[in-house]
Amino acid sequence: MLRSCAARLRTLGAAPGGARPPRSRPGGSRRSFSSEKVIHRDYALPNPSWSKDLQLLFDRFMKKCEDGSWKRLPSYKQTSTQKLQAFQALFVDPKLVNKEKISQAQIFTRSFEDGLGFEYVMFFNNAEKRVVCCFQGGPHLQGAPGFLHGGAIATIIDITLGTCAFRTGGPVMTANLNINFKRPVPLGSVVVVNSQIDSVEGRKYFVSCNIRSVDEETIYTEATSLFIKLDPSKKLI
């Protein structure tokens, strides 16, 4: 039972599309149907909506990835079937799963057209237990005229902190999030979210971050959080 749970938890960390492709039948040609093709676009790669600042940050961190100390984290619009099934098997009562709704689900931050919402890429340093998120907020995230909505800032903070906790300890959920908004973030500007693990107490992961301008001269936001590592013996619903 423990080995089975461990295997499923490892599956949750696999990137979408990680499953082996089906083998072709001996002596026969491989069939190809457009309805069977699933294309996973990695949204954590540059697109035409990225500003010069975001592209420069991307290039800078990709350079850091060359020695293996940092790793770029791919990002997709939908959770892969393999990861979804593994998560549900561990944490969700199958009788309460709405399969139709789940089949239509998309990752919130990846549900906007290019350039209109959340444009971001994350990098993880395993030795330092840090995640850095390079973020550009689009016009559909406006709050006060000309500035990002506080909820959009809270969202990018939550997923960055959560990614940091997840990469360190496995599946987690937010228990507490405290945010100090120091300055409004201009719409369309590029900022850097620096997160780190502060401490771990059993299943509790304490994570903090700050949001700075590209030149690091301006601090826009600071946040602390508590994430709880999920227990396979306890269903969420």
# chains A, B, ... in the order shown; residues from 1 in each chain; ligands from 1

$ residues_around --residues "Phe181 in chain A" --least-positions-apart "3" --cutoff "9 Å" --atoms "only C-alpha atoms" --output "list in words"
Gly150, Pro184, Tyr220, Thr221, Glu222 and Ala223 of chain A

$ residues_around --residues "Thr218 in chain A" --least-positions-apart "4" --cutoff "10 Å" --atoms "only C-alpha atoms" --output "count of residues only"
7

$ select_by_dssp --residues "range 22-204 of chain A" --states "strand (DSSP E)" --output "compact mmCIF listing (two decimals) with all heavy atoms, in the first residue's frame"
# COMPACT_ATOMS: atom_id res chain seq x y z
N LYS A 71 16.20 25.09 -12.65
CA LYS A 71 15.42 24.32 -13.62
C LYS A 71 14.18 25.13 -14.00
O LYS A 71 13.45 25.60 -13.14
CB LYS A 71 15.00 22.98 -13.02
CG LYS A 71 14.10 22.14 -13.93
CD LYS A 71 13.68 20.85 -13.25
CE LYS A 71 12.77 20.03 -14.15
NZ LYS A 71 12.32 18.79 -13.49
N ARG A 72 13.97 25.27 -15.30
CA ARG A 72 12.73 25.92 -15.76
C ARG A 72 11.58 24.96 -15.60
O ARG A 72 11.68 23.78 -15.93
CB ARG A 72 12.84 26.34 -17.23
CG ARG A 72 11.59 27.08 -17.73
CD ARG A 72 11.67 27.35 -19.23
NE ARG A 72 11.55 26.12 -20.01
CZ ARG A 72 10.39 25.56 -20.36
NH1 ARG A 72 9.24 26.09 -19.98
NH2 ARG A 72 10.37 24.44 -21.07
N LEU A 73 10.45 25.46 -15.08
CA LEU A 73 9.29 24.61 -14.86
C LEU A 73 8.28 24.80 -15.99
O LEU A 73 7.78 25.92 -16.19
CB LEU A 73 8.63 24.95 -13.52
CG LEU A 73 9.54 24.84 -12.29
CD1 LEU A 73 8.76 25.22 -11.04
CD2 LEU A 73 10.13 23.45 -12.16
N PHE A 118 -2.18 36.41 -17.40
CA PHE A 118 -0.95 36.04 -16.69
C PHE A 118 0.09 35.50 -17.68
O PHE A 118 -0.09 34.42 -18.25
CB PHE A 118 -1.24 34.97 -15.64
CG PHE A 118 -2.17 35.40 -14.55
CD1 PHE A 118 -3.55 35.30 -14.71
CD2 PHE A 118 -1.68 35.89 -13.34
CE1 PHE A 118 -4.42 35.68 -13.70
CE2 PHE A 118 -2.54 36.28 -12.33
CZ PHE A 118 -3.92 36.18 -12.50
N GLU A 119 1.16 36.24 -17.88
CA GLU A 119 2.30 35.75 -18.63
C GLU A 119 3.44 35.56 -17.64
O GLU A 119 3.87 36.51 -16.99
CB GLU A 119 2.71 36.74 -19.74
CG GLU A 119 1.69 36.91 -20.84
CD GLU A 119 1.52 35.65 -21.69
OE1 GLU A 119 2.43 34.80 -21.71
OE2 GLU A 119 0.45 35.52 -22.33
N TYR A 120 3.89 34.33 -17.48
CA TYR A 120 4.91 34.08 -16.47
C TYR A 120 5.69 32.81 -16.76
O TYR A 120 5.25 31.93 -17.50
CB TYR A 120 4.29 33.98 -15.07
CG TYR A 120 3.33 32.82 -14.88
CD1 TYR A 120 3.76 31.61 -14.33
CD2 TYR A 120 1.99 32.94 -15.24
CE1 TYR A 120 2.87 30.55 -14.15
CE2 TYR A 120 1.10 31.90 -15.06
CZ TYR A 120 1.54 30.71 -14.52
OH TYR A 120 0.66 29.67 -14.34
N VAL A 121 6.85 32.73 -16.15
CA VAL A 121 7.68 31.53 -16.20
C VAL A 121 8.34 31.39 -14.84
O VAL A 121 8.75 32.37 -14.22
CB VAL A 121 8.74 31.61 -17.33
CG1 VAL A 121 9.59 32.87 -17.21
CG2 VAL A 121 9.62 30.36 -17.35
N MET A 122 8.42 30.14 -14.35
CA MET A 122 9.02 29.88 -13.04
C MET A 122 10.30 29.06 -13.18
O MET A 122 10.41 28.20 -14.07
CB MET A 122 8.04 29.12 -12.14
CG MET A 122 6.82 29.91 -11.76
SD MET A 122 5.83 29.00 -10.53
CE MET A 122 4.40 30.08 -10.43
N PHE A 123 11.22 29.33 -12.26
CA PHE A 123 12.47 28.59 -12.20
C PHE A 123 12.67 28.10 -10.76
O PHE A 123 12.41 28.85 -9.81
CB PHE A 123 13.65 29.47 -12.62
CG PHE A 123 13.59 29.90 -14.06
CD1 PHE A 123 12.92 31.07 -14.42
CD2 PHE A 123 14.19 29.15 -15.06
CE1 PHE A 123 12.86 31.48 -15.74
CE2 PHE A 123 14.14 29.55 -16.39
CZ PHE A 123 13.48 30.71 -16.73
N PHE A 124 13.14 26.86 -10.63
CA PHE A 124 13.28 26.23 -9.31
C PHE A 124 14.73 25.89 -9.03
O PHE A 124 15.42 25.33 -9.89
CB PHE A 124 12.43 24.97 -9.24
CG PHE A 124 12.59 24.17 -7.97
CD1 PHE A 124 12.31 24.73 -6.74
CD2 PHE A 124 13.01 22.85 -8.01
CE1 PHE A 124 12.44 24.00 -5.56
CE2 PHE A 124 13.14 22.10 -6.85
CZ PHE A 124 12.86 22.67 -5.62
N ASN A 125 15.21 26.24 -7.83
CA ASN A 125 16.53 25.87 -7.35
C ASN A 125 16.35 24.88 -6.21
O ASN A 125 15.92 25.26 -5.11
CB ASN A 125 17.30 27.11 -6.89
CG ASN A 125 18.73 26.80 -6.52
OD1 ASN A 125 19.01 25.89 -5.75
ND2 ASN A 125 19.66 27.57 -7.08
N ARG A 130 14.13 27.32 -3.55
CA ARG A 130 13.62 28.60 -4.00
C ARG A 130 12.91 28.46 -5.34
O ARG A 130 13.30 27.64 -6.17
CB ARG A 130 14.75 29.62 -4.16
CG ARG A 130 15.42 30.06 -2.90
CD ARG A 130 16.57 31.01 -3.24
NE ARG A 130 16.10 32.14 -4.05
CZ ARG A 130 16.89 32.82 -4.89
NH1 ARG A 130 18.15 32.48 -5.05
NH2 ARG A 130 16.38 33.83 -5.58
N VAL A 131 11.88 29.26 -5.53
CA VAL A 131 11.23 29.39 -6.83
C VAL A 131 11.18 30.87 -7.17
O VAL A 131 10.77 31.69 -6.34
CB VAL A 131 9.80 28.81 -6.84
CG1 VAL A 131 9.05 29.24 -8.10
CG2 VAL A 131 9.85 27.28 -6.78
N VAL A 132 11.62 31.20 -8.37
CA VAL A 132 11.54 32.57 -8.87
C VAL A 132 10.54 32.59 -10.02
O VAL A 132 10.61 31.77 -10.94
CB VAL A 132 12.91 33.08 -9.35
CG1 VAL A 132 12.76 34.42 -10.09
CG2 VAL A 132 13.86 33.24 -8.18
N CYS A 133 9.60 33.52 -9.96
CA CYS A 133 8.59 33.67 -11.01
C CYS A 133 8.76 35.03 -11.68
O CYS A 133 8.70 36.07 -11.02
CB CYS A 133 7.19 33.55 -10.42
SG CYS A 133 5.86 33.85 -11.61
N CYS A 134 8.98 35.02 -12.99
CA CYS A 134 9.06 36.24 -13.78
C CYS A 134 7.67 36.47 -14.37
O CYS A 134 7.18 35.63 -15.15
CB CYS A 134 10.11 36.10 -14.88
SG CYS A 134 11.73 35.56 -14.28
N PHE A 135 7.03 37.58 -14.02
CA PHE A 135 5.61 37.77 -14.28
C PHE A 135 5.31 39.09 -14.98
O PHE A 135 5.83 40.14 -14.60
CB PHE A 135 4.85 37.69 -12.96
CG PHE A 135 3.42 38.14 -13.01
CD1 PHE A 135 2.52 37.57 -13.90
CD2 PHE A 135 2.96 39.14 -12.16
CE1 PHE A 135 1.18 37.98 -13.94
CE2 PHE A 135 1.63 39.56 -12.19
CZ PHE A 135 0.75 38.98 -13.10
N GLN A 136 4.46 39.00 -16.00
CA GLN A 136 3.96 40.17 -16.72
C GLN A 136 2.43 40.12 -16.70
O GLN A 136 1.83 39.17 -17.20
CB GLN A 136 4.48 40.15 -18.16
CG GLN A 136 3.91 41.21 -19.07
CD GLN A 136 4.43 41.05 -20.50
OE1 GLN A 136 5.64 41.08 -20.75
NE2 GLN A 136 3.51 40.85 -21.44
N GLY A 137 1.80 41.15 -16.12
CA GLY A 137 0.35 41.17 -16.00
C GLY A 137 -0.31 41.92 -17.14
O GLY A 137 0.02 43.08 -17.41
N VAL A 172 0.47 19.90 -1.91
CA VAL A 172 0.12 20.76 -0.77
C VAL A 172 -1.10 21.59 -1.14
O VAL A 172 -1.49 21.68 -2.29
CB VAL A 172 1.29 21.72 -0.41
CG1 VAL A 172 2.50 20.96 0.08
CG2 VAL A 172 1.64 22.61 -1.61
N MET A 173 -1.69 22.20 -0.12
CA MET A 173 -2.76 23.18 -0.32
C MET A 173 -2.55 24.35 0.62
O MET A 173 -1.98 24.20 1.70
CB MET A 173 -4.14 22.56 -0.09
CG MET A 173 -4.65 21.76 -1.27
SD MET A 173 -6.41 21.40 -1.14
CE MET A 173 -6.72 20.74 -2.77
N THR A 174 -3.00 25.52 0.17
CA THR A 174 -2.84 26.74 0.96
C THR A 174 -3.70 26.69 2.21
O THR A 174 -4.89 26.43 2.15
CB THR A 174 -3.25 27.98 0.14
OG1 THR A 174 -2.67 27.90 -1.16
CG2 THR A 174 -2.81 29.25 0.83
N ALA A 175 -3.08 26.95 3.36
CA ALA A 175 -3.82 27.05 4.62
C ALA A 175 -3.94 28.50 5.07
O ALA A 175 -4.95 28.90 5.66
CB ALA A 175 -3.13 26.23 5.70
N ASN A 176 -2.91 29.27 4.77
CA ASN A 176 -2.91 30.67 5.21
C ASN A 176 -2.03 31.48 4.26
O ASN A 176 -0.97 31.03 3.85
CB ASN A 176 -2.39 30.78 6.64
CG ASN A 176 -2.44 32.20 7.17
OD1 ASN A 176 -1.50 32.97 6.98
ND2 ASN A 176 -3.53 32.55 7.84
N LEU A 177 -2.50 32.69 3.91
CA LEU A 177 -1.73 33.57 3.03
C LEU A 177 -1.87 35.01 3.53
O LEU A 177 -2.98 35.55 3.58
CB LEU A 177 -2.25 33.46 1.59
CG LEU A 177 -1.53 34.28 0.51
CD1 LEU A 177 -0.06 33.90 0.43
CD2 LEU A 177 -2.21 34.07 -0.84
N ASN A 178 -0.76 35.62 3.92
CA ASN A 178 -0.74 37.00 4.41
C ASN A 178 0.05 37.87 3.44
O ASN A 178 1.23 37.60 3.17
CB ASN A 178 -0.08 37.07 5.79
CG ASN A 178 -0.85 36.27 6.83
OD1 ASN A 178 -2.00 36.57 7.13
ND2 ASN A 178 -0.22 35.23 7.36
N ILE A 179 -0.59 38.93 2.93
CA ILE A 179 0.04 39.77 1.92
C ILE A 179 0.07 41.22 2.38
O ILE A 179 -0.94 41.77 2.83
CB ILE A 179 -0.72 39.67 0.58
CG1 ILE A 179 -0.76 38.22 0.09
CG2 ILE A 179 -0.06 40.57 -0.47
CD1 ILE A 179 -1.58 38.03 -1.18
N ASN A 180 1.22 41.85 2.25
CA ASN A 180 1.37 43.28 2.50
C ASN A 180 1.61 43.97 1.15
O ASN A 180 2.67 43.79 0.54
CB ASN A 180 2.55 43.56 3.44
CG ASN A 180 2.28 43.07 4.85
OD1 ASN A 180 1.17 43.23 5.37
ND2 ASN A 180 3.29 42.48 5.48
N PHE A 181 0.61 44.72 0.69
CA PHE A 181 0.74 45.45 -0.56
C PHE A 181 1.41 46.80 -0.27
O PHE A 181 0.83 47.66 0.38
CB PHE A 181 -0.64 45.69 -1.19
CG PHE A 181 -1.35 44.42 -1.59
CD1 PHE A 181 -2.27 43.83 -0.74
CD2 PHE A 181 -1.09 43.81 -2.81
CE1 PHE A 181 -2.93 42.67 -1.10
CE2 PHE A 181 -1.74 42.65 -3.18
CZ PHE A 181 -2.66 42.07 -2.33
N VAL A 190 6.76 44.23 -15.82
CA VAL A 190 7.32 42.92 -15.47
C VAL A 190 7.90 43.00 -14.07
O VAL A 190 8.62 43.95 -13.73
CB VAL A 190 8.42 42.51 -16.47
CG1 VAL A 190 9.09 41.20 -16.04
CG2 VAL A 190 7.84 42.36 -17.88
N VAL A 191 7.56 42.02 -13.24
CA VAL A 191 8.07 41.95 -11.87
C VAL A 191 8.63 40.56 -11.61
O VAL A 191 8.38 39.62 -12.37
CB VAL A 191 6.97 42.29 -10.84
CG1 VAL A 191 6.52 43.72 -10.98
CG2 VAL A 191 5.80 41.32 -10.97
N VAL A 192 9.37 40.45 -10.53
CA VAL A 192 9.99 39.17 -10.16
C VAL A 192 9.49 38.76 -8.78
O VAL A 192 9.61 39.53 -7.81
CB VAL A 192 11.52 39.27 -10.15
CG1 VAL A 192 12.14 37.91 -9.80
CG2 VAL A 192 12.03 39.74 -11.51
N VAL A 193 8.92 37.57 -8.70
CA VAL A 193 8.45 37.02 -7.43
C VAL A 193 9.52 36.06 -6.91
O VAL A 193 9.79 35.02 -7.53
CB VAL A 193 7.12 36.27 -7.59
CG1 VAL A 193 6.56 35.86 -6.22
CG2 VAL A 193 6.10 37.11 -8.35
N ASN A 194 10.14 36.41 -5.80
CA ASN A 194 11.19 35.58 -5.20
C ASN A 194 10.62 34.85 -3.99
O ASN A 194 10.24 35.48 -3.00
CB ASN A 194 12.37 36.45 -4.74
CG ASN A 194 13.08 37.12 -5.90
OD1 ASN A 194 13.84 36.49 -6.62
ND2 ASN A 194 12.83 38.42 -6.08
N SER A 195 10.55 33.52 -4.06
CA SER A 195 9.99 32.75 -2.95
C SER A 195 11.00 31.77 -2.39
O SER A 195 11.92 31.33 -3.10
CB SER A 195 8.73 32.00 -3.41
OG SER A 195 9.07 30.94 -4.29
N GLN A 196 10.81 31.40 -1.13
CA GLN A 196 11.72 30.47 -0.48
C GLN A 196 11.01 29.74 0.66
O GLN A 196 10.07 30.27 1.25
CB GLN A 196 12.94 31.20 0.07
CG GLN A 196 12.60 32.20 1.16
CD GLN A 196 13.80 32.98 1.66
OE1 GLN A 196 14.82 33.03 1.00
NE2 GLN A 196 13.68 33.58 2.84
N ILE A 197 11.49 28.55 0.95
CA ILE A 197 11.01 27.80 2.11
C ILE A 197 11.69 28.35 3.35
O ILE A 197 12.92 28.39 3.44
CB ILE A 197 11.33 26.29 1.98
CG1 ILE A 197 10.64 25.69 0.76
CG2 ILE A 197 10.92 25.55 3.25
CD1 ILE A 197 9.14 25.59 0.86
N ASP A 198 10.90 28.80 4.31
CA ASP A 198 11.47 29.32 5.56
C ASP A 198 11.68 28.21 6.58
O ASP A 198 12.70 28.17 7.26
CB ASP A 198 10.55 30.40 6.14
CG ASP A 198 10.49 31.63 5.25
OD1 ASP A 198 11.51 31.95 4.61
OD2 ASP A 198 9.42 32.27 5.19
N SER A 199 10.70 27.33 6.70
CA SER A 199 10.83 26.22 7.65
C SER A 199 9.79 25.15 7.33
O SER A 199 8.80 25.41 6.64
CB SER A 199 10.66 26.71 9.09
OG SER A 199 9.36 27.23 9.31
N VAL A 200 10.04 23.96 7.86
CA VAL A 200 9.13 22.84 7.69
C VAL A 200 8.91 22.20 9.06
O VAL A 200 9.88 21.89 9.77
CB VAL A 200 9.68 21.78 6.71
CG1 VAL A 200 8.71 20.61 6.59
CG2 VAL A 200 9.95 22.40 5.34
N GLU A 201 7.64 22.05 9.44
CA GLU A 201 7.29 21.40 10.70
C GLU A 201 6.28 20.30 10.41
O GLU A 201 5.09 20.55 10.28
CB GLU A 201 6.70 22.41 11.68
CG GLU A 201 7.64 23.55 12.06
CD GLU A 201 6.99 24.58 12.96
OE1 GLU A 201 5.84 24.31 13.42
OE2 GLU A 201 7.59 25.64 13.20
N LYS A 204 3.60 20.88 7.80
CA LYS A 204 3.45 22.33 7.62
C LYS A 204 4.67 22.91 6.91
O LYS A 204 5.81 22.73 7.36
CB LYS A 204 3.27 23.02 8.97
CG LYS A 204 2.01 22.61 9.71
CD LYS A 204 1.92 23.35 11.04
CE LYS A 204 0.65 22.98 11.79
NZ LYS A 204 0.55 23.70 13.10

$ residues_around --residues "Lys99 in chain A" --least-positions-apart "6" --cutoff "12 Å" --atoms "only C-alpha atoms" --output "count of residues only"
5

$ residues_around --residues "Phe112 in chain A" --least-positions-apart "6" --cutoff "12 Å" --atoms "only C-alpha atoms" --output "list in words"
Tyr43, Lys77, Gln106, Phe118, Glu119, Gly137, Gly138, Pro139, His140 and Leu141 of chain A

$ write_last_selection --atoms "N, CA and C atoms" --output "PDB file, in the first residue's frame"
ATOM      1  N   TYR A  43       3.253  26.855 -21.877  1.00  0.00           N
ATOM      2  CA  TYR A  43       3.014  28.288 -21.795  1.00  0.00           C
ATOM      3  C   TYR A  43       4.129  29.040 -21.071  1.00  0.00           C
ATOM      4  N   LYS A  77      -2.017  24.378 -19.887  1.00  0.00           N
ATOM      5  CA  LYS A  77      -3.377  24.887 -19.674  1.00  0.00           C
ATOM      6  C   LYS A  77      -4.238  23.888 -18.920  1.00  0.00           C
ATOM      7  N   GLN A 106      -9.637  24.004 -16.780  1.00  0.00           N
ATOM      8  CA  GLN A 106      -8.374  24.572 -17.218  1.00  0.00           C
ATOM      9  C   GLN A 106      -7.702  25.245 -16.029  1.00  0.00           C
ATOM     10  N   PHE A 118      -2.181  36.410 -17.399  1.00  0.00           N
ATOM     11  CA  PHE A 118      -0.954  36.044 -16.693  1.00  0.00           C
ATOM     12  C   PHE A 118       0.085  35.501 -17.678  1.00  0.00           C
ATOM     13  N   GLU A 119       1.159  36.244 -17.879  1.00  0.00           N
ATOM     14  CA  GLU A 119       2.304  35.751 -18.632  1.00  0.00           C
ATOM     15  C   GLU A 119       3.436  35.558 -17.638  1.00  0.00           C
ATOM     16  N   GLY A 137       1.804  41.149 -16.117  1.00  0.00           N
ATOM     17  CA  GLY A 137       0.348  41.174 -15.997  1.00  0.00           C
ATOM     18  C   GLY A 137      -0.307  41.921 -17.143  1.00  0.00           C
ATOM     19  N   GLY A 138      -1.242  41.267 -17.825  1.00  0.00           N
ATOM     20  CA  GLY A 138      -1.895  41.845 -18.990  1.00  0.00           C
ATOM     21  C   GLY A 138      -3.078  42.738 -18.661  1.00  0.00           C
ATOM     22  N   PRO A 139      -3.672  43.372 -19.691  1.00  0.00           N
ATOM     23  CA  PRO A 139      -4.747  44.355 -19.490  1.00  0.00           C
ATOM     24  C   PRO A 139      -6.033  43.797 -18.894  1.00  0.00           C
ATOM     25  N   HIS A 140      -6.266  42.488 -18.991  1.00  0.00           N
ATOM     26  CA  HIS A 140      -7.476  41.902 -18.408  1.00  0.00           C
ATOM     27  C   HIS A 140      -7.332  41.639 -16.912  1.00  0.00           C
ATOM     28  N   LEU A 141      -6.214  42.069 -16.335  1.00  0.00           N
ATOM     29  CA  LEU A 141      -5.985  41.914 -14.892  1.00  0.00           C
ATOM     30  C   LEU A 141      -6.033  43.258 -14.182  1.00  0.00           C
TER      31      LEU A 141
END

$ atom_distance --atom1 "CA of Leu161 in chain A" --atom2 "CA of Arg203 in chain A"
15.4 Å

$ closest_residue --among "A:Tyr205, A:Pro171, A:Leu45, A:Pro186" --to "Leu57 in chain A" --atoms "only C-alpha atoms"
A:Leu45

$ atom_distance --atom1 "CA of Asp42 in chain A" --atom2 "CA of Phe108 in chain A"
14.9 Å

$ atom_distance --atom1 "CA of Ala154 in chain A" --atom2 "CA of Ile228 in chain A"
18.3 Å

$ residues_around --residues "Phe147 in chain A" --least-positions-apart "3" --cutoff "8 Å" --atoms "only C-alpha atoms" --output "number ranges by chain"
A: 142-144, 184-187

$ write_last_selection --atoms "all heavy atoms" --output "short mmCIF file (atom, residue, chain, number, x, y, z; two decimals), in the first residue's frame"
data_model
loop_
_atom_site.label_atom_id
_atom_site.label_comp_id
_atom_site.auth_asym_id
_atom_site.auth_seq_id
_atom_site.Cartn_x
_atom_site.Cartn_y
_atom_site.Cartn_z
N GLN A 142 -6.61 44.26 -14.81
CA GLN A 142 -6.64 45.60 -14.24
C GLN A 142 -7.56 45.69 -13.02
O GLN A 142 -8.62 45.10 -12.97
CB GLN A 142 -7.11 46.62 -15.28
CG GLN A 142 -7.16 48.04 -14.74
CD GLN A 142 -7.49 49.06 -15.81
OE1 GLN A 142 -6.63 49.81 -16.23
NE2 GLN A 142 -8.74 49.09 -16.25
N GLY A 143 -7.11 46.47 -12.04
CA GLY A 143 -7.93 46.83 -10.89
C GLY A 143 -8.18 48.31 -10.96
O GLY A 143 -9.00 48.77 -11.75
N ALA A 144 -7.44 49.10 -10.16
CA ALA A 144 -7.47 50.55 -10.33
C ALA A 144 -6.90 50.88 -11.71
O ALA A 144 -6.02 50.18 -12.20
CB ALA A 144 -6.63 51.21 -9.24
N PRO A 184 1.39 49.82 -5.70
CA PRO A 184 0.63 49.20 -6.80
C PRO A 184 1.56 48.82 -7.95
O PRO A 184 2.56 49.50 -8.21
CB PRO A 184 -0.34 50.31 -7.21
CG PRO A 184 0.33 51.58 -6.81
CD PRO A 184 1.09 51.26 -5.56
N VAL A 185 1.22 47.73 -8.62
CA VAL A 185 2.04 47.25 -9.74
C VAL A 185 1.44 47.78 -11.04
O VAL A 185 0.28 47.52 -11.36
CB VAL A 185 2.07 45.71 -9.78
CG1 VAL A 185 2.90 45.23 -10.97
CG2 VAL A 185 2.64 45.15 -8.48
N PRO A 186 2.22 48.54 -11.83
CA PRO A 186 1.70 49.09 -13.09
C PRO A 186 1.28 47.98 -14.05
O PRO A 186 1.95 46.95 -14.17
CB PRO A 186 2.89 49.87 -13.64
CG PRO A 186 3.72 50.20 -12.44
CD PRO A 186 3.58 49.02 -11.54
N LEU A 187 0.16 48.18 -14.70
CA LEU A 187 -0.35 47.22 -15.67
C LEU A 187 0.65 47.04 -16.81
O LEU A 187 1.19 48.01 -17.34
CB LEU A 187 -1.68 47.74 -16.23
CG LEU A 187 -2.63 46.73 -16.88
CD1 LEU A 187 -3.13 45.73 -15.85
CD2 LEU A 187 -3.81 47.47 -17.50
#

$ closest_residue --among "A:Cys164, A:Cys65, A:Leu56, A:Ala89" --to "Ser233 in chain A" --atoms "only C-alpha atoms"
A:Ala89

$ closest_residue --among "A:Lys235, A:Lys129, A:Arg41, A:His149" --to "Gly188 in chain A" --atoms "only C-alpha atoms"
A:His149

$ select_by_dssp --residues "chain A" --states "helix (DSSP H, G or I)" --output "PyMOL selection string"
chain A and resi 2-12+34-36+52-67+81-91+94-96+99-104+108-110+139-141+150-169

$ residues_around --residues "range 46-50 of chain A" --least-positions-apart "5" --cutoff "7 Å" --atoms "only C-alpha atoms" --output "compact mmCIF listing (two decimals) with C-alpha atoms, in the first residue's frame"
# COMPACT_ATOMS: atom_id res chain seq x y z
CA GLN A 55 12.39 37.96 -22.48
CA ASP A 114 -1.62 35.47 -24.99
CA GLY A 115 -0.73 38.82 -23.48
